[in-house]
Amino acid sequence: TEALLRQSQKMEAVGQLTGGIAHDFNNMLTGVIGSLEVMKRRIANQRYDDLDRFMNAAITSAQRAAALTHRLLAFSRRQSLDRKPTDVVPLIESMRDLLSRTLGEQISLETVLPADSWQAITDANQLENAILNLAINARDAMPEGGQLIIQVANKTLSGRDIRGIDGAVVGDYLRVSVIDTGEGMAPEVIDKAFDPFFTTKPIGQGTGLGLSMIYGFVRQSGGHVEIESALGNGTTVSLYLPRNAKTWAPSATDIGVVTTPMG
Ligand code: ADP
């Protein structure tokens, strides 16, 4: 739990960092565009005397921007996945305290966890982060309070269309759904929600990185992310994590569901 708290503080720091980077990058682009515009005007007026100077300024700015993106790419590559067969139910149970503290008193937390759930193949740390981030998004969508449900289910998909995925999805997945009774999302927000830096939150509050990082991690795990939402109707974000086939439990689908209300 402590590690997770530190991790969420780190996420916040990463958010501020990326905000700063976006700002720097924008400044560099402004430098390139400014120099090119001066050059364009001068060429139109046939003033070729010191075009060099503006050309060099544009090149220097563009090179700085390229160096910055290289550093960013190197940074993001470092976060490689540690995929292992993972028992997700105890992982979620161990997050209860952190989650209810994060949600505050206005939001009730409920978990629907099957007694007999499949193992998923995933990175446990990244999954914890993803669930915490989804809970934070849900909290932000329920400023007046509401309910958050985390539901785990064994799901065999036989040709299900998942928004944003080409073709129907087939296979055995452990589905982790984070369901809120919040303000919901308009269709155009759902379409952009996975884009890095897309946020509808005020500057300083949203980084627009939460869902894009979750999407990246789940896709890298061989899974899928689905958003079901409508304005005024709450939001369900489901992570479909590939099942670890070695521990087949044929009777498991949605049987023995345990519902535990939490304060
Ligand atoms: P951030 O939370 O920093 O804005 P995200 O990538 O996590 O970045 O989310 C992108 C956007 O998707 C949010 O700004 C919000 O508009 C929308 N969104 C995400 N989760 C929810 C939710 N549970 N309810 C309503 N809108 C949401």
# chains A, B, ... in the order shown; residues from 1 in each chain; ligands from 1
call {"tool": "residues_around", "arguments": {"residues": "A:Gly164", "least_positions_apart": "3", "cutoff": "10 Å", "atoms": "only C-alpha atoms", "output": "compact mmCIF listing (two decimals) with C-alpha atoms, in the first residue's frame"}}
result
# COMPACT_ATOMS: atom_id res chain seq x y z
CA ASP A 161 -16.59 -6.19 -30.84
CA GLY A 167 -12.14 -7.32 -35.67
CA ASP A 191 -13.26 8.30 -28.84
CA PHE A 194 -7.11 6.75 -24.82
CA HIS A 224 -8.19 -5.27 -24.32
CA VAL A 225 -9.75 -2.21 -22.72
CA GLU A 226 -13.39 -1.32 -23.19
CA ILE A 227 -15.22 1.83 -22.18
call {"tool": "residues_around", "arguments": {"residues": "stretch 215-218 of chain A", "least_positions_apart": "5", "cutoff": "12 Å", "atoms": "only C-alpha atoms", "output": "number ranges by chain"}}
result
A: 76-77, 79-83, 120-131, 133-134, 164-165, 173-176, 193-196, 209-210, 223-227, 237-242
call {"tool": "closest_residue", "arguments": {"among": "A:Ala230, A:Val178, A:Ile150, A:Ala138", "to": "ligand 1", "atoms": "only C-alpha atoms and all ligand atoms"}}
result
A:Ala138
call {"tool": "select_by_dssp", "arguments": {"residues": "stretch 134-227 of chain A", "states": "strand (DSSP E)", "output": "PyMOL selection string"}}
result
chain A and resi 146-161+168-180+224-227
call {"tool": "closest_atom_pairs", "arguments": {"of": "chain A", "to": "ligand 1", "cutoff": "6 Å", "atoms": "only C-alpha atoms and all ligand atoms", "output": "JSON lines"}}
result
{"residue": "A:Asn137", "atom": "CA", "partner": "ligand 1", "partner_atom_place_in_ligand_line": "20 (N)", "distance": 4.6}
{"residue": "A:Ala138", "atom": "CA", "partner": "ligand 1", "partner_atom_place_in_ligand_line": "23 (N)", "distance": 3.9}
{"residue": "A:Ala141", "atom": "CA", "partner": "ligand 1", "partner_atom_place_in_ligand_line": "24 (N)", "distance": 4.7}
{"residue": "A:Gly182", "atom": "CA", "partner": "ligand 1", "partner_atom_place_in_ligand_line": "24 (N)", "distance": 5.9}
{"residue": "A:Glu183", "atom": "CA", "partner": "ligand 1", "partner_atom_place_in_ligand_line": "25 (C)", "distance": 5.8}
{"residue": "A:Gly184", "atom": "CA", "partner": "ligand 1", "partner_atom_place_in_ligand_line": "25 (C)", "distance": 4.5}
{"residue": "A:Met185", "atom": "CA", "partner": "ligand 1", "partner_atom_place_in_ligand_line": "26 (N)", "distance": 5.0}
{"residue": "A:Ala193", "atom": "CA", "partner": "ligand 1", "partner_atom_place_in_ligand_line": "12 (O)", "distance": 4.6}
{"residue": "A:Phe194", "atom": "CA", "partner": "ligand 1", "partner_atom_place_in_ligand_line": "6 (O)", "distance": 5.9}
{"residue": "A:Phe198", "atom": "CA", "partner": "ligand 1", "partner_atom_place_in_ligand_line": "10 (C)", "distance": 5.6}
{"residue": "A:Thr199", "atom": "CA", "partner": "ligand 1", "partner_atom_place_in_ligand_line": "14 (O)", "distance": 3.5}
{"residue": "A:Thr200", "atom": "CA", "partner": "ligand 1", "partner_atom_place_in_ligand_line": "14 (O)", "distance": 3.9}
{"residue": "A:Lys201", "atom": "CA", "partner": "ligand 1", "partner_atom_place_in_ligand_line": "14 (O)", "distance": 5.0}
{"residue": "A:Gly206", "atom": "CA", "partner": "ligand 1", "partner_atom_place_in_ligand_line": "3 (O)", "distance": 3.3}
{"residue": "A:Thr207", "atom": "CA", "partner": "ligand 1", "partner_atom_place_in_ligand_line": "3 (O)", "distance": 3.8}
{"residue": "A:Gly208", "atom": "CA", "partner": "ligand 1", "partner_atom_place_in_ligand_line": "8 (O)", "distance": 3.2}
{"residue": "A:Leu209", "atom": "CA", "partner": "ligand 1", "partner_atom_place_in_ligand_line": "6 (O)", "distance": 4.5}
{"residue": "A:Gly210", "atom": "CA", "partner": "ligand 1", "partner_atom_place_in_ligand_line": "7 (O)", "distance": 3.5}
{"residue": "A:Leu211", "atom": "CA", "partner": "ligand 1", "partner_atom_place_in_ligand_line": "6 (O)", "distance": 3.7}
{"residue": "A:Ser212", "atom": "CA", "partner": "ligand 1", "partner_atom_place_in_ligand_line": "6 (O)", "distance": 5.4}
{"residue": "A:Thr235", "atom": "CA", "partner": "ligand 1", "partner_atom_place_in_ligand_line": "23 (N)", "distance": 5.2}
call {"tool": "closest_residue", "arguments": {"among": "A:Leu91, A:Val189, A:Met142, A:Val170", "to": "A:Gln106", "atoms": "only C-alpha atoms"}}
result
A:Met142
call {"tool": "closest_residue", "arguments": {"among": "A:Glu93, A:Pro187, A:Gly234, A:Arg160", "to": "A:Leu148", "atoms": "only C-alpha atoms"}}
result
A:Gly234
call {"tool": "atom_distance", "arguments": {"atom1": "atom CA of A:Val88", "atom2": "atom CA of A:Ile214"}}
result
16.0 Å
call {"tool": "closest_residue", "arguments": {"among": "A:Gly159, A:Gly145, A:Leu132, A:His70", "to": "A:Asp97", "atoms": "only C-alpha atoms"}}
result
A:Leu132
call {"tool": "select_by_dssp", "arguments": {"residues": "stretch 28-57 of chain A", "states": "helix (DSSP H, G or I)", "output": "ChimeraX atom specification"}}
result
/A:28-44,51-57
call {"tool": "write_last_selection", "arguments": {"atoms": "N, CA and C atoms", "output": "CSV table (one decimal), in the first residue's frame"}}
result
chain,number,residue,atom,x,y,z
A,28,MET,N,9.8,25.1,-28.6
A,28,MET,CA,10.7,24.8,-29.7
A,28,MET,C,10.0,24.9,-31.0
A,29,LEU,N,8.8,24.4,-31.1
A,29,LEU,CA,8.0,24.5,-32.3
A,29,LEU,C,7.7,25.9,-32.7
A,30,THR,N,7.4,26.7,-31.7
A,30,THR,CA,7.2,28.1,-31.9
A,30,THR,C,8.4,28.8,-32.6
A,31,GLY,N,9.6,28.4,-32.1
A,31,GLY,CA,10.8,28.9,-32.6
A,31,GLY,C,11.0,28.5,-34.1
A,32,VAL,N,10.7,27.3,-34.4
A,32,VAL,CA,10.8,26.8,-35.8
A,32,VAL,C,9.8,27.5,-36.7
A,33,ILE,N,8.6,27.6,-36.2
A,33,ILE,CA,7.6,28.3,-37.0
A,33,ILE,C,7.9,29.7,-37.2
A,34,GLY,N,8.3,30.4,-36.2
A,34,GLY,CA,8.7,31.8,-36.3
A,34,GLY,C,9.8,32.1,-37.3
A,35,SER,N,10.8,31.3,-37.2
A,35,SER,CA,12.0,31.4,-38.2
A,35,SER,C,11.5,31.2,-39.6
A,36,LEU,N,10.7,30.1,-39.8
A,36,LEU,CA,10.2,29.8,-41.2
A,36,LEU,C,9.3,30.9,-41.7
A,37,GLU,N,8.5,31.5,-40.8
A,37,GLU,CA,7.7,32.6,-41.3
A,37,GLU,C,8.5,33.9,-41.7
A,38,VAL,N,9.5,34.2,-40.9
A,38,VAL,CA,10.4,35.3,-41.3
A,38,VAL,C,11.0,35.0,-42.7
A,39,MET,N,11.5,33.7,-42.8
A,39,MET,CA,12.1,33.4,-44.1
A,39,MET,C,11.2,33.5,-45.3
A,40,LYS,N,9.9,33.1,-45.0
A,40,LYS,CA,8.9,33.1,-46.1
A,40,LYS,C,8.7,34.6,-46.5
A,41,ARG,N,8.5,35.5,-45.5
A,41,ARG,CA,8.3,36.9,-45.8
A,41,ARG,C,9.5,37.5,-46.6
A,42,ARG,N,10.7,37.1,-46.1
A,42,ARG,CA,11.9,37.7,-46.8
A,42,ARG,C,12.0,37.2,-48.2
A,43,ILE,N,11.7,35.9,-48.4
A,43,ILE,CA,11.8,35.4,-49.8
A,43,ILE,C,10.8,36.1,-50.7
A,44,ALA,N,9.6,36.3,-50.1
A,44,ALA,CA,8.5,37.0,-50.9
A,44,ALA,C,9.0,38.4,-51.3
A,51,LEU,N,19.2,35.1,-44.7
A,51,LEU,CA,18.3,33.9,-44.6
A,51,LEU,C,19.0,32.9,-43.8
A,52,ASP,N,20.3,32.7,-43.9
A,52,ASP,CA,21.1,31.7,-43.2
A,52,ASP,C,20.8,31.7,-41.7
A,53,ARG,N,20.8,32.9,-41.2
A,53,ARG,CA,20.6,33.1,-39.7
A,53,ARG,C,19.3,32.5,-39.3
A,54,PHE,N,18.2,32.7,-40.0
A,54,PHE,CA,16.9,32.2,-39.6
A,54,PHE,C,16.8,30.7,-39.9
A,55,MET,N,17.5,30.3,-41.0
A,55,MET,CA,17.5,28.9,-41.3
A,55,MET,C,18.2,28.1,-40.2
A,56,ASN,N,19.3,28.7,-39.7
A,56,ASN,CA,20.1,28.0,-38.6
A,56,ASN,C,19.2,28.0,-37.3
A,57,ALA,N,18.5,29.1,-37.1
A,57,ALA,CA,17.7,29.1,-35.8
A,57,ALA,C,16.6,28.1,-35.9
call {"tool": "atom_distance", "arguments": {"atom1": "atom CA of A:Trp118", "atom2": "atom CA of A:Gln151"}}
result
13.5 Å
